[in-house]
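Q: Structure incoming, see below.
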Protein chains: 2
Amino acid sequence: MKNLFSTNEWMIVEKGFHPELNREAESIFSIGNGYMGQRANFEEKYSGDSLQGSYVAGIYYPDKTKVGWWKVGYPEYFAKVPNTTKFIGIDVTINQTEIDLARFKPEQFTRILNMKEGYLERNFTINLQKGQKVEISSMRFLSMADPDLCIIKYKIKPLDFNGSLSFNIYLDANVKNEDTNYGQKFLEDVNNLAEPGIAMLTARTLRTDFYMTAGMTYEIRINNKKIKCTPSVINKKGYVANLVSFTFKPDDEIVLFKYVSVQSSLYCPPENHFKNTFARLRYAKKSGFNKLFSAHRDEWERIWSISDVKIEGDIKAQQGIRFNIFQLNQTYTGKDERLNIGPKGFTGEKYGGSTYWDTEAFVLPFFLKTAPINVPRNLLLYRYRHLQKAIENARKLGFKDGAALYPMVTMNGEECHNEWEITFEEIHRNGAIAYAIYNYIRHTGDTGYMKDYGLEVLIAISRFWSQRVSFSENLGKYVILGVTGPNEYENNVNNNWYTNSIAVWTLSYTIQNIDNLKEKEPDTLEKIFRKTRFKYKKETQRWKEIISNMYFPFDEKRNVFLQQDGFTDKELKPASIISPSQRPLNQHWSWDRILRSCYIKQADVLQGLYFFEDSYDTEVIRRNFEFYEPLTVHESSLSACIHSILAARIGNIDKAYELYLRTARLDLDDYNKEVAEGLHITSMAGTWLAIVEGFAGFRISNNRVKLVPLIPKKWKSYSFHARFREILFEVKVTHSYCIITSLSDNTLPVSVNGKNYDILPHKSKKISI
Amino acid sequence: MKNLFSTNEWMIVEKGFHPELNREAESIFSIGNGYMGQRANFEEKYSGDSLQGSYVAGIYYPDKTKVGWWKVGYPEYFAKVPNTTKFIGIDVTINQTEIDLARFKPEQFTRILNMKEGYLERNFTINLQKGQKVEISSMRFLSMADPDLCIIKYKIKPLDFNGSLSFNIYLDANVKNEDTNYGQKFLEDVNNLAEPGIAMLTARTLRTDFYMTAGMTYEIRINNKKIKCTPSVINKKGYVANLVSFTFKPDDEIVLFKYVSVQSSLYCPPENHFKNTFARLRYAKKSGFNKLFSAHRDEWERIWSISDVKIEGDIKAQQGIRFNIFQLNQTYTGKDERLNIGPKGFTGEKYGGSTYWDTEAFVLPFFLKTAPINVPRNLLLYRYRHLQKAIENARKLGFKDGAALYPMVTMNGEECHNEWEITFEEIHRNGAIAYAIYNYIRHTGDTGYMKDYGLEVLIAISRFWSQRVSFSENLGKYVILGVTGPNEYENNVNNNWYTNSIAVWTLSYTIQNIDNLKEKEPDTLEKIFRKTRFKYKKETQRWKEIISNMYFPFDEKRNVFLQQDGFTDKELKPASIISPSQRPLNQHWSWDRILRSCYIKQADVLQGLYFFEDSYDTEVIRRNFEFYEPLTVHESSLSACIHSILAARIGNIDKAYELYLRTARLDLDDYNKEVAEGLHITSMAGTWLAIVEGFAGFRISNNRVKLVPLIPKKWKSYSFHARFREILFEVKVTHSYCIITSLSDNTLPVSVNGKNYDILPHKSKKISI
């Protein structure tokens with residue numbers, strides 16, 4: 001895939017059509033608007049290899065669990081996002097020949113993702129029989145301004161010949177998912193309407209009863225003059241269409257505008273779908289392509305104005321970071337607390353489109369620093385809404401008294417995952433959800449969140465830790481046995497340092513907030529205690545006992561934290577000696593071999609040092625970094641970014657940059673040979689963090705934006721927008737100075753390399769570095 | 001299930017029909033003859049709940065692996081024994097009413113398993129409409145003398161009424177397995193033949209192409225007079241039958257003899273199936289029921305004469321042990337080195353009918369002590385035949401240079417299991433296969449086996465251990481990381497004491513045999529070296545290095561071997577505090593909870609002390625027993641027997657008896673509520689060992705049978721047959737003496753409580769104890 005797409009700072013451009021890489025391109029050129037999203041499938045018929053994908057946010061099918069050997073507590077299903085009604089479809093027939101790029105090799109083919117304005121474009125020429133040449137271009141977007149709308153402009157120009165053309169403009173619910181456990185259908189069509197000029201189709205997810213209605217209307221212009229046509233109407237099972245035919249003359253410019261509205265039962269009761277769809281289609285057609293596109297473009301302009309990163313001197317890096325920011329914003333707009341960010345967003349089926357701890361650990365910090373407060377707040381409320389289910393989930397595993405274990409993978413709060421070493425043991429996820437509350441409040445200053453929602457979640461998670469630890473008479477300490485840490489290349493280990501750390505941190509933070517509220521709002525606290533049946537003395541006493549007596553594995557000889565008990569009993573050899581032919585390890589080594597090796601998939605101790613950086617001095621971080629980095633194979637897309645941030649933290653900009661490169665163009669250059677399945681949406685946030693928290697050293701410290709700016713040798717400068725407690729600002733870093741500009745009406749308190757500055761509203765400050 | 005079946009020393013008797021327990025009864029009353037076996041399904045139609053099962057040895061279907069999350073090295077399939085053609089079927093219609101015990105509640109129902117003579121019997125009376133009463137009895141056996149034959153005698157006596165009767169005598173290949181991963185059919189019918197008086201049906205396993213042909217003929221007698229009848233012939237897809245109708249008078253005794261022969265492509269090429277079946281059916285019919293039964297009974301008499309255990313004073317124990325001996329002999333007759341013993345034998349589908357380490361660790365010692373040498377020898381040759389596949393299996397997991405890892409579960413030598421913590425990590429199985437060679441030779445004296453077969457296997461297994469260990473700089477020792485021991489309630493642990501022990505033992509034993517052969521038959525050894533590309537100096541040097549520097553976890557405080565690293569960091573609380581409502585743990589606790597608990601599923605350190613008893617004095621065994629037994633929940637059917645043997649070893653007969661009771665009637669009393677799925681065939685050997693090795697203290701020591709006889713308080717006496725190097729002998733133990741009788745032409749060297757005796761041929765010796 002490398003170098004397939006030419007580098008351009010605002011666009012991804014595929015030059016020439018490569019059918020063998022079509023799935024990869026379909027992933028990379030995906031578009032979305034938070035409400036829905038789709039792979040870059042073609043509008044016209046394509047009989048070649050393709051992964052069809054149109055997805056609607058928040059809708060899922062409970063695919064029956066597939067597991068070889070059942071264990072108590074496994075979930076019944078894995079929530080999967082269905083591939084829904086294909087609504088982009090336009091079959092094109094010219095002089096009895098149907099356009100199909102698998103049959104007619106296109107010339108001058110380009111597929112373009114315009115990230116600045118948020119649209120997908122294709123241009124190509126094909127030669128029909130007898131040397132008849134046609135220019136075709138298509139352009140579509142999922143509106144950021146009107147999220148239920150998809151607008152397509154499909155343009156055809158027959159060169160030097162005349163004839164007849166027909167468009168079969170359709171909606172098709174006869175679709176399926178490739179990734180099903182037992183080959184089941186996820187959807188059924190329940191209602192059709194097809195009339196001249198308009199058609200609708202309602203589909204329902206089986207078992208979960210979500211309803212989605214796609215409706216379409218259209219307009220055809222020849223040489224910019226609207227034409228009247230009398231379409232044939234097709235209405236059959238799960239399929240509605242208008243077939244429109246007309247004649248053309250040489251060099252006519254024929255343009256079809258297809259206006260689609262998608263209703264979802266998340267927002268509109270099924271009985272109103274047709275009515276609403278009529279209204280929305282009327283609105284769309286009346287507004288017209290240009291007006292709708294303009295509103296859409298304005299939204300993207302607004303997004304870029306608060307989240308862009310500019311890099312001078314490295315166009316590949318520039319393209320890479322913008323691609324990541326673009327995809328993150330396409331996936332999640334933060335308008336609905338029921339939604340979240342699946343690992344593949346709207347770009348593929350894999351991992352079922354559900355929520356992982358990626359959200360709290362990686363994506364939240366991105367939105368905390370780039371988006372208005374409602375966006376990260378909704379990410380937190382998502383988990384708050386699932387609290388009761390997390391308590392039930394813990395109960396299934398033998399916990400009681402309101403202890404909560406948030407699921408490893410979920411859609412609606414119920415656990416979906418079914419590997420015991422992950423589902424039951426990768427419990428550090430619970431800590432990340434607690435940490436997210438802390439992270440949210442320190443970034444936004446929204447302290448009210450704690451009493452309204454946060455504390456209930458913290459209490460339930462702390463109760464889990466309190467029950468999950470056991471006391472080792474042998475060690476005279478509390479221990480946490482049988483866990484899997486962030487590094488999933490170790491399973492069922494004892495005393496994972498990261499897990500023990502975040503458990504103790506949660507307990508402390510919860511107590512701290514209880515005590516804080518006790519002082520400030522005792523009545524509110526009392527209400528929370530009643531609601532959660534909290535026994536203050538008994539519970540906090542136990543927590544304090546655990547905090548004071550937790551066991552942390554430590555290697556005296558090397559003076560580093562031990563990833564887990566017994567880690568240094570392994571043969572410790574650097575990952576650099578592994579033959580490249582053996583990488584990634586999980587595709588070449590059997591699982592036992594990976595487990596007994598010293599190789600680390602993903603930041604583990606270092607993840608903890610990243611979260612709790614303030615508790616450790618630079619030398620501790622350096623020692624641990626230098627011990628663990630050579631052993632880390634970074635076979636998770638979420639790993640290198642954390643290592644990069646810590647490398648920068650210890651001042652090793654070269655290493656930070658080397659690690660940054662591993663994540664920045666992960667999908668664009670298809671490092672892991674899996675982009676065909678979809679993009680790594682959640683890890684894209686990590687790349688952004690590697691620049692802003694890594695190179696620029698952005699932290700929140702003493703209610704101030706703290707910066708310790710570094711810059712990779714290769715770059716001339718970089719700049720980014722970020723926000724701190726609703727103060728939007730810009731930072732530009734060069735090799736000799738940085739400029740900080742407040743873009744808001746408030747004064748921004750910053751510190752640069754340890755020195756404090758107050759940046760006045762709408763003013764800049766240039767600081768030598 | 002408790003007390004459902006009345007106790008009888010030679011029979012299992014179900015009194016009264018209990019449809020809700022029909023599956024349980026079908027398992028318990030199963031019959032087999034090593035060549036085939038079947039659940040106690042009814043001959044006549046039964047529309048109630050039933051698990052239909054007819055199985056033919058050595059035949060399997062490769063059921064596509066079902067796994068949630070694929071890992072490198074997982075096998076493609078799990079070998080499952082297909083439920084084959086139903087050949088016992090006889091539909092009975094009397095005066096237009098079809099007999100179906102789900103519709104007509106039978107009276108005076110008995111189902112009897114006669115273990116002494118090896119047959120299954122049913123007797124019942126039913127009331128048809130208008131008060132018409134019929135007595136029905138059926139009896140059938142799978143011949144031990146003619147293993148391809150199943151003979152059924154079906155008797156009907158209409159009381160006080162006349163009318164018409166029809167038998168629909170059939171073979172039906174339209175059968176399926178309940179336990180399939182994707183609902184696939186395992187079998188298809190390929191050839192039918194149906195004529196008056198005879199019918200045949202060939203079925204083929206899909207993908208593996210095993211062929212099985214069932215053929216039938218029959219004879220009908222009324223009041224002991226053969227009747228002529230002109231049957232209707234039915235021949236349809238996968239189904240052949242003869243429908244015979246006739247009239248009867250009150251109190252007529254109508255008897256149908258159905259003769260079935262089953263051919264398998266393991267023994268007869270498919271093209272000869274029909275021809276052979278004809279011949280076998282002719283032979284069967286000509287011999288007649290009585291003669292065939294008599295030959296069958298003689299075989300059972302012979303089996304009992306060498307393997308019976310008699311218990312005076314405890315009829316439930318007597319019935320239990322005979323049931324176990326009976327089932328073991330029904331499952332495996334040792335005639336074919338391609339066959340082995342599935343955990344459920346021929347009594348159910350579960351666990352796929354494949355081979356586990358149960359064979360070497362539990363079943364082999366039973367046959368070593370009760371059966372002629374060819375029987376255990378064939379069990380060893382089974383593994384020898386699979387050596388190349390075990391080498392391939394190891395190669396898939398990254399091992400090289402002829403290292404072998406025998407599969408966890410197999411049919412033909414290929415791994416079938418697909419849980420990483422078992423498949424890849426439960427490697428101690430490899431040690432059991434090495435140990436079996438040692439055990440075989442010390443029991444049989446067949447030292448030639450070593451050079452002919454054994455050493456090649458030992459070298460390959462030793463090479464595996466040599467590559468599987470790693471050197472821990474930290475400990476200055478060799479370690480074995482990431483294993484699952486016999487106790488499967490711990491996964492992915494480091495330095496499982498049992499595994500480390502059997503690994504070192506294998507290395508030593510291999511070197512010892514190499515050196516032994518070096519001295520005695522250097523040329524033979526040279527040949528083995530060439531065949532295995534063995535580098536004597538280099539390989540044995542490394543092995544010796546490992547032997548001298550293996551790490552064994554040990555608890556200084558308690559002076560016991562540690563099950564694994566970190567075991568005593570757990571909360572150690574006796575299993576007795578667990579509420580019975582929580583047992584078995586694996587049906588009530590999530591896996592993580594089991595793993596971090598201290599509870600042991602199955603003998604682990606104690607399994608090692610059992611195998612290597614000679615290396616440890618009684619005090620060591622006692623200390624470890626007393627530490628581990630209270631923590632052991634015995635949720636494997638293979639656990640309590642080993643604990644029982646060790647309890648006897650340390651002189652604790654009460655504990656030994658208590659543990660013995662947990663295994664002796666496991667299935668008869670359905671302790672684990674799972675007998676509906678089939679019997680625990682392999683664990684039945686453990687019960688026998690608990691008496692013979694446990695209570696009687698039978699060991700081989702210095703080429704002598706060593707006995708240390710104890711007897712449970714409740715028993716008056718017990719006696720058993722056993723053999724030592726082809727010398728059959730009997731031991732009877734009472735509370736004051738034991739009598740040892742040689743039943744062979746050779747003098748039997750024994751020691752009783754440390755004192756030596758030589759028992760002359762066909763003589764007895766009474767020894768006070």
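Residue numbers start at 1 in each chain; chains themselves are named A, B, ... in the order of the structure tokens; ligands are numbered from 1 in the order shown.
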How close does each residue of chain A get to chain B, giving the shortest atom pair and distance in Å to one decimal for every residue with an atom at most 6 Å away, counting only C-alpha atoms, sorted by chain and residue number, as a Markdown table?
A:
```
| residue | atom | partner | partner_atom | distance |
| --- | --- | --- | --- | --- |
| A:Lys66 | CA | B:Gly68 | CA | 5.0 |
| A:Val67 | CA | B:Gly68 | CA | 4.5 |
| A:Gly68 | CA | B:Val67 | CA | 4.5 |
| A:Val72 | CA | B:Ser590 | CA | 4.9 |
| A:Gly73 | CA | B:Ser590 | CA | 5.5 |
| A:Leu397 | CA | B:Ser590 | CA | 5.4 |
| A:Phe424 | CA | B:Asp592 | CA | 5.9 |
| A:Ser472 | CA | B:Asp569 | CA | 4.9 |
| A:Asn474 | CA | B:Asp569 | CA | 5.5 |
| A:Leu481 | CA | B:Arg596 | CA | 5.7 |
| A:Gly482 | CA | B:Arg596 | CA | 5.5 |
| A:Asp569 | CA | B:Ser472 | CA | 5.0 |
| A:Lys570 | CA | B:Ser472 | CA | 5.8 |
| A:Ser590 | CA | B:Val72 | CA | 4.9 |
| A:Asp592 | CA | B:Phe424 | CA | 5.9 |
| A:Arg596 | CA | B:Gly482 | CA | 5.6 |
```
Q: Using only C-alpha atoms, determine which residues lie at most 10 Å from segment 545-551 of chain A, disregarding the query and same-chain residues fewer than 2 positions distant; provide the list as a ChimeraX atom specification.
A: /A:465-466,469-472,475-480,495-497,500-501,503-508,539-543,553-554
Q: Which neighbours of Pro376 of chain B fall inside 12 Å, counting only C-alpha atoms, when residues of the same chain fewer than 4 positions from it are skipped, and could you give them as a PyMOL selection string?
A: chain B and resi 332-337+339-341+359-360+362-372+380-383+436-437+439-441+443-444+446+449+725
Q: Find the distance between atom CA of Tyr737 of chain A and atom CA of Ile767 of chain A and write it in Å to one decimal.
A: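 Those two atoms sit 5.4 Å apart.
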Q: When you look at Ile28 of chain B with a cut-off of 9 Å (counting only C-alpha atoms), what residues show up, excluding the ones that are within fewer than 5 positions of it in the same chain? I need them as a PyMOL selection string.
A: chain B and resi 12+23+39-40+113+347+667-668+675-676+678-679
Q: Can I get the selection written as a PDB file, in the first residue's frame, with all heavy atoms?
A:
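Saved to selection.pdb:
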```pdb
ATOM      1  N   ILE B  12     -27.159 -53.866  37.070  1.00  0.00           N
ATOM      2  CA  ILE B  12     -27.738 -52.547  37.309  1.00  0.00           C
ATOM      3  C   ILE B  12     -29.205 -52.699  36.925  1.00  0.00           C
ATOM      4  O   ILE B  12     -29.517 -53.182  35.830  1.00  0.00           O
ATOM      5  CB  ILE B  12     -27.107 -51.460  36.419  1.00  0.00           C
ATOM      6  CG1 ILE B  12     -25.580 -51.578  36.408  1.00  0.00           C
ATOM      7  CG2 ILE B  12     -27.574 -50.078  36.852  1.00  0.00           C
ATOM      8  CD1 ILE B  12     -24.899 -51.298  37.711  1.00  0.00           C
ATOM      9  N   ARG B  23     -32.185 -40.253  29.520  1.00  0.00           N
ATOM     10  CA  ARG B  23     -30.819 -40.069  28.996  1.00  0.00           C
ATOM     11  C   ARG B  23     -29.781 -40.632  29.966  1.00  0.00           C
ATOM     12  O   ARG B  23     -28.777 -41.188  29.538  1.00  0.00           O
ATOM     13  CB  ARG B  23     -30.531 -38.582  28.776  1.00  0.00           C
ATOM     14  CG  ARG B  23     -31.184 -38.040  27.536  1.00  0.00           C
ATOM     15  CD  ARG B  23     -30.827 -36.587  27.333  1.00  0.00           C
ATOM     16  NE  ARG B  23     -31.488 -36.108  26.145  1.00  0.00           N
ATOM     17  CZ  ARG B  23     -30.856 -35.608  25.066  1.00  0.00           C
ATOM     18  NH1 ARG B  23     -29.555 -35.476  25.058  1.00  0.00           N
ATOM     19  NH2 ARG B  23     -31.529 -35.235  24.004  1.00  0.00           N
ATOM     20  N   ARG B  39     -25.597 -46.662  23.216  1.00  0.00           N
ATOM     21  CA  ARG B  39     -26.394 -46.284  24.374  1.00  0.00           C
ATOM     22  C   ARG B  39     -27.618 -47.179  24.451  1.00  0.00           C
ATOM     23  O   ARG B  39     -28.011 -47.809  23.476  1.00  0.00           O
ATOM     24  CB  ARG B  39     -26.799 -44.812  24.254  1.00  0.00           C
ATOM     25  CG  ARG B  39     -25.603 -43.870  24.371  1.00  0.00           C
ATOM     26  CD  ARG B  39     -25.957 -42.445  24.004  1.00  0.00           C
ATOM     27  NE  ARG B  39     -27.062 -41.931  24.790  1.00  0.00           N
ATOM     28  CZ  ARG B  39     -26.965 -41.433  26.025  1.00  0.00           C
ATOM     29  NH1 ARG B  39     -25.784 -41.384  26.616  1.00  0.00           N
ATOM     30  NH2 ARG B  39     -28.032 -40.985  26.661  1.00  0.00           N
ATOM     31  N   ALA B  40     -28.229 -47.220  25.641  1.00  0.00           N
ATOM     32  CA  ALA B  40     -29.356 -48.143  25.831  1.00  0.00           C
ATOM     33  C   ALA B  40     -30.654 -47.556  25.296  1.00  0.00           C
ATOM     34  O   ALA B  40     -31.651 -47.434  25.998  1.00  0.00           O
ATOM     35  CB  ALA B  40     -29.464 -48.498  27.314  1.00  0.00           C
ATOM     36  N   LEU B 113     -28.941 -54.146  33.230  1.00  0.00           N
ATOM     37  CA  LEU B 113     -27.632 -54.371  32.616  1.00  0.00           C
ATOM     38  C   LEU B 113     -27.013 -55.539  33.368  1.00  0.00           C
ATOM     39  O   LEU B 113     -26.697 -55.437  34.550  1.00  0.00           O
ATOM     40  CB  LEU B 113     -26.766 -53.123  32.756  1.00  0.00           C
ATOM     41  CG  LEU B 113     -25.384 -53.212  32.110  1.00  0.00           C
ATOM     42  CD1 LEU B 113     -25.497 -53.276  30.593  1.00  0.00           C
ATOM     43  CD2 LEU B 113     -24.542 -51.982  32.503  1.00  0.00           C
ATOM     44  N   THR B 347     -20.452 -44.320  25.070  1.00  0.00           N
ATOM     45  CA  THR B 347     -21.680 -44.041  25.810  1.00  0.00           C
ATOM     46  C   THR B 347     -22.227 -42.640  25.573  1.00  0.00           C
ATOM     47  O   THR B 347     -23.238 -42.263  26.165  1.00  0.00           O
ATOM     48  CB  THR B 347     -21.447 -44.236  27.328  1.00  0.00           C
ATOM     49  OG1 THR B 347     -20.612 -43.171  27.799  1.00  0.00           O
ATOM     50  CG2 THR B 347     -20.794 -45.568  27.623  1.00  0.00           C
ATOM     51  N   ASP B 667     -20.702 -42.318  38.335  1.00  0.00           N
ATOM     52  CA  ASP B 667     -21.744 -42.347  37.313  1.00  0.00           C
ATOM     53  C   ASP B 667     -23.021 -43.000  37.823  1.00  0.00           C
ATOM     54  O   ASP B 667     -24.112 -42.513  37.555  1.00  0.00           O
ATOM     55  CB  ASP B 667     -21.239 -43.095  36.076  1.00  0.00           C
ATOM     56  CG  ASP B 667     -20.227 -42.262  35.305  1.00  0.00           C
ATOM     57  OD1 ASP B 667     -20.377 -41.023  35.278  1.00  0.00           O
ATOM     58  OD2 ASP B 667     -19.290 -42.842  34.745  1.00  0.00           O
ATOM     59  N   LEU B 668     -22.886 -44.083  38.537  1.00  0.00           N
ATOM     60  CA  LEU B 668     -24.092 -44.786  39.002  1.00  0.00           C
ATOM     61  C   LEU B 668     -24.956 -43.863  39.857  1.00  0.00           C
ATOM     62  O   LEU B 668     -26.182 -43.919  39.787  1.00  0.00           O
ATOM     63  CB  LEU B 668     -23.715 -46.031  39.818  1.00  0.00           C
ATOM     64  CG  LEU B 668     -23.329 -47.261  39.000  1.00  0.00           C
ATOM     65  CD1 LEU B 668     -23.025 -48.432  39.928  1.00  0.00           C
ATOM     66  CD2 LEU B 668     -24.431 -47.645  38.017  1.00  0.00           C
ATOM     67  N   VAL B 675     -24.318 -37.466  33.865  1.00  0.00           N
ATOM     68  CA  VAL B 675     -24.244 -38.806  33.298  1.00  0.00           C
ATOM     69  C   VAL B 675     -25.137 -38.933  32.061  1.00  0.00           C
ATOM     70  O   VAL B 675     -24.916 -39.816  31.221  1.00  0.00           O
ATOM     71  CB  VAL B 675     -24.558 -39.881  34.372  1.00  0.00           C
ATOM     72  CG1 VAL B 675     -26.044 -40.112  34.541  1.00  0.00           C
ATOM     73  CG2 VAL B 675     -23.857 -41.200  34.039  1.00  0.00           C
ATOM     74  N   ALA B 676     -26.095 -38.024  31.928  1.00  0.00           N
ATOM     75  CA  ALA B 676     -26.952 -38.037  30.730  1.00  0.00           C
ATOM     76  C   ALA B 676     -26.112 -37.974  29.458  1.00  0.00           C
ATOM     77  O   ALA B 676     -26.474 -38.520  28.420  1.00  0.00           O
ATOM     78  CB  ALA B 676     -27.918 -36.849  30.779  1.00  0.00           C
ATOM     79  N   GLY B 678     -23.154 -39.244  29.050  1.00  0.00           N
ATOM     80  CA  GLY B 678     -22.302 -40.415  28.871  1.00  0.00           C
ATOM     81  C   GLY B 678     -21.536 -40.695  30.148  1.00  0.00           C
ATOM     82  O   GLY B 678     -21.561 -39.898  31.090  1.00  0.00           O
ATOM     83  N   LEU B 679     -20.820 -41.796  30.146  1.00  0.00           N
ATOM     84  CA  LEU B 679     -20.097 -42.214  31.352  1.00  0.00           C
ATOM     85  C   LEU B 679     -18.665 -41.676  31.355  1.00  0.00           C
ATOM     86  O   LEU B 679     -18.120 -41.335  30.301  1.00  0.00           O
ATOM     87  CB  LEU B 679     -20.056 -43.741  31.404  1.00  0.00           C
ATOM     88  CG  LEU B 679     -21.411 -44.444  31.310  1.00  0.00           C
ATOM     89  CD1 LEU B 679     -21.216 -45.968  31.254  1.00  0.00           C
ATOM     90  CD2 LEU B 679     -22.301 -44.084  32.494  1.00  0.00           C
TER      91      LEU B 679
END
```
Q: What's the 12 Å shell around Gly58 of chain B, counting only C-alpha atoms, without same-chain residues fewer than 4 positions away, as a PyMOL selection string?
A: chain B and resi 34-37+79-82+205+208+210-212+264-267+331-332+336-342+345-346+352-355+382+410-412
Q: Take the residues that were just selected and, keeping C-alpha atoms, output them as a PDB file, in the first residue's frame.
A:
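File out23.pdb, as written:
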```pdb
ATOM      1  CA  GLY B  34     -14.442 -52.629  21.805  1.00  0.00           C
ATOM      2  CA  TYR B  35     -15.400 -52.777  18.134  1.00  0.00           C
ATOM      3  CA  MET B  36     -18.612 -50.869  18.600  1.00  0.00           C
ATOM      4  CA  GLY B  37     -20.936 -49.719  21.316  1.00  0.00           C
ATOM      5  CA  ALA B  79     -12.440 -35.233  15.730  1.00  0.00           C
ATOM      6  CA  LYS B  80     -15.889 -36.448  16.720  1.00  0.00           C
ATOM      7  CA  VAL B  81     -17.250 -39.944  16.785  1.00  0.00           C
ATOM      8  CA  PRO B  82     -20.355 -39.975  14.639  1.00  0.00           C
ATOM      9  CA  THR B 205     -18.388 -40.136   7.063  1.00  0.00           C
ATOM     10  CA  THR B 208     -12.853 -38.493   6.323  1.00  0.00           C
ATOM     11  CA  PHE B 210     -14.800 -43.953   6.612  1.00  0.00           C
ATOM     12  CA  TYR B 211     -17.358 -46.488   5.448  1.00  0.00           C
ATOM     13  CA  MET B 212     -19.659 -48.454   7.722  1.00  0.00           C
ATOM     14  CA  SER B 264     -16.160 -50.899   9.110  1.00  0.00           C
ATOM     15  CA  SER B 265     -13.627 -49.729   6.560  1.00  0.00           C
ATOM     16  CA  LEU B 266     -10.990 -49.930   9.290  1.00  0.00           C
ATOM     17  CA  TYR B 267     -11.086 -53.688   8.777  1.00  0.00           C
ATOM     18  CA  THR B 331     -14.697 -49.903  25.618  1.00  0.00           C
ATOM     19  CA  TYR B 332     -11.280 -51.277  24.877  1.00  0.00           C
ATOM     20  CA  ASP B 336      -6.034 -52.916  17.562  1.00  0.00           C
ATOM     21  CA  GLU B 337      -3.213 -50.435  18.063  1.00  0.00           C
ATOM     22  CA  ARG B 338      -5.162 -47.826  16.088  1.00  0.00           C
ATOM     23  CA  LEU B 339      -7.828 -47.607  18.778  1.00  0.00           C
ATOM     24  CA  ASN B 340      -7.859 -45.920  22.122  1.00  0.00           C
ATOM     25  CA  ILE B 341     -10.182 -45.000  24.953  1.00  0.00           C
ATOM     26  CA  GLY B 342     -12.299 -41.869  24.674  1.00  0.00           C
ATOM     27  CA  GLY B 345     -16.176 -44.554  25.516  1.00  0.00           C
ATOM     28  CA  PHE B 346     -19.196 -45.637  23.455  1.00  0.00           C
ATOM     29  CA  GLY B 352     -15.483 -36.238  20.705  1.00  0.00           C
ATOM     30  CA  GLY B 353     -14.400 -39.750  21.479  1.00  0.00           C
ATOM     31  CA  SER B 354     -10.724 -38.907  21.225  1.00  0.00           C
ATOM     32  CA  THR B 355      -7.655 -39.759  23.248  1.00  0.00           C
ATOM     33  CA  TYR B 382      -0.885 -46.150  19.396  1.00  0.00           C
ATOM     34  CA  THR B 410      -6.466 -36.615  19.312  1.00  0.00           C
ATOM     35  CA  MET B 411      -7.913 -39.304  17.155  1.00  0.00           C
ATOM     36  CA  ASN B 412      -5.201 -39.879  14.577  1.00  0.00           C
TER      37      ASN B 412
END
```
Q: Tell me, as an MDAnalysis selection string, which residues lie within 12 Å of Ile311 of chain A, counting only C-alpha atoms; anything in the same chain fewer than 2 positions away does not count.
A: chainID A and resid 9:10 308:309 313:322 691 711:712 714:720 731:734
Q: List every residue of segment 369-542 of chain A that DSSP, applied to the backbone, labels as strand (DSSP E), and write the result as a count of residues only.
A: 6
Q: Extract, using only C-alpha atoms, all DNA, RNA and protein residues at most 9 Å from Leu101 of chain B, discarding same-chain residues fewer than 6 positions from it, and format them as a PyMOL selection string.
A: chain B and resi 17+19+44-48+126
Q: Please identify the alpha helix (DSSP H) residues within segment 218-405 of chain A (assignment by DSSP from backbone atoms) and present them as a VMD selection string.
A: chain A and resid 273 to 307 315 to 331 358 364 to 370 374 to 385 387 to 396
